[in-house]
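S.K.: Before we start, here is the structure in question, set down as structure tokens.
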Amino acid sequence: MIESDKIFCAECGVEKTSKFCDRCKKETPNLFKKNFEVKIQPKPSLEKQIKRGETSWNWFWFIFVSLISIFSFIIDILPILWSWKIFIFVIITAFLFWLCILNTKFQNKLAGFKMKLEETWRKI
Ligand SMILES: [Zn+2]
């Protein structure tokens, strides 16, 4: 592999071989060697970003489980046949799984929301 073929994660800066970043545990934009030196160097919050990558998955699963709990409760009190309840539950679970675990855009929003919560918590 020649030097210019190396790709890096645009979010944490670690070297990677595909679109999937091992450190961020998700697909992230690629940075090539040329851009890497220009873009990553002035970043002071690199450590903070790495830490976010490690804790994010717990947060995504927490949101996933919380939403399922809420929807389970709502479905349970719906005045419909139990077979329909199971059907709706399966659909909603699949949708939430896609949203919280597979959808990178929504995960970015969740991560942003978590950071806002943490900032608010620090102020209190
Ligand atoms: Zn990364």
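Chain labels follow the order of the structure tokens: the first chain is A, the next B, and so on; residue numbering restarts at 1 in every chain, and ligands are counted from 1 in their shown order.
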Could the residues that lie within 8 Å of ligand 1, counting only C-alpha atoms and all ligand atoms, be listed as a PyMOL selection string?
M.R.: chain A and resi 8-14+21-26+28+50+53
S.K.: Kindly save the residues from that selection, with C-alpha atoms included, as a PDB file, in the first residue's frame.
M.R.:
ATOM      1  CA  PHE A   8      -8.396   8.052   8.201  1.00  0.00           C
ATOM      2  CA  CYS A   9     -11.568   8.602  10.177  1.00  0.00           C
ATOM      3  CA  ALA A  10     -12.849  12.154   9.751  1.00  0.00           C
ATOM      4  CA  GLU A  11     -14.245  12.148  13.299  1.00  0.00           C
ATOM      5  CA  CYS A  12     -11.520  10.687  15.510  1.00  0.00           C
ATOM      6  CA  GLY A  13      -8.553  10.735  13.124  1.00  0.00           C
ATOM      7  CA  VAL A  14      -7.576   7.086  13.573  1.00  0.00           C
ATOM      8  CA  CYS A  21     -14.219   3.122  11.983  1.00  0.00           C
ATOM      9  CA  ASP A  22     -13.249   0.677  14.740  1.00  0.00           C
ATOM     10  CA  ARG A  23     -12.786   3.409  17.310  1.00  0.00           C
ATOM     11  CA  CYS A  24     -16.093   5.218  16.599  1.00  0.00           C
ATOM     12  CA  LYS A  25     -17.855   1.841  16.139  1.00  0.00           C
ATOM     13  CA  LYS A  26     -19.726   3.187  13.116  1.00  0.00           C
ATOM     14  CA  THR A  28     -17.646   7.677   9.354  1.00  0.00           C
ATOM     15  CA  ILE A  50     -12.470   9.394  21.221  1.00  0.00           C
ATOM     16  CA  GLY A  53     -17.025   7.040  20.542  1.00  0.00           C
TER      17      GLY A  53
END
S.K.: Out of A:Leu102, A:Ile86, A:Ile70, A:Ala94, which residue has the shortest atom-to-atom distance to A:Glu27 when counting only C-alpha atoms?
M.R.: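 Of all the options, A:Leu102 lies closest to A:Glu27.
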S.K.: Which one of A:Trp121, A:Phe73, A:Phe64, A:Phe32 sits closest to A:Phe97 if you count only C-alpha atoms?
M.R.: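 The shortest atom-to-atom distance to A:Phe97 comes from A:Phe64.
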S.K.: Rounded to one decimal, what separation in Å do you get between atom CA of A:Ser56 and atom CA of A:Val90?
M.R.: 25.0 Å
S.K.: Using only C-alpha atoms, pick whichever of A:Ser18, A:Cys100, A:Asn108, A:Asp76 has the shortest atom-to-atom distance to A:Phe60.
M.R.: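 Of all the options, A:Cys100 lies closest to A:Phe60.
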S.K.: Report the distance between atom CA of A:Lys109 and atom CA of A:Trp57 in Å, rounded to one decimal place.
M.R.: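 So the answer is 13.2 Å.
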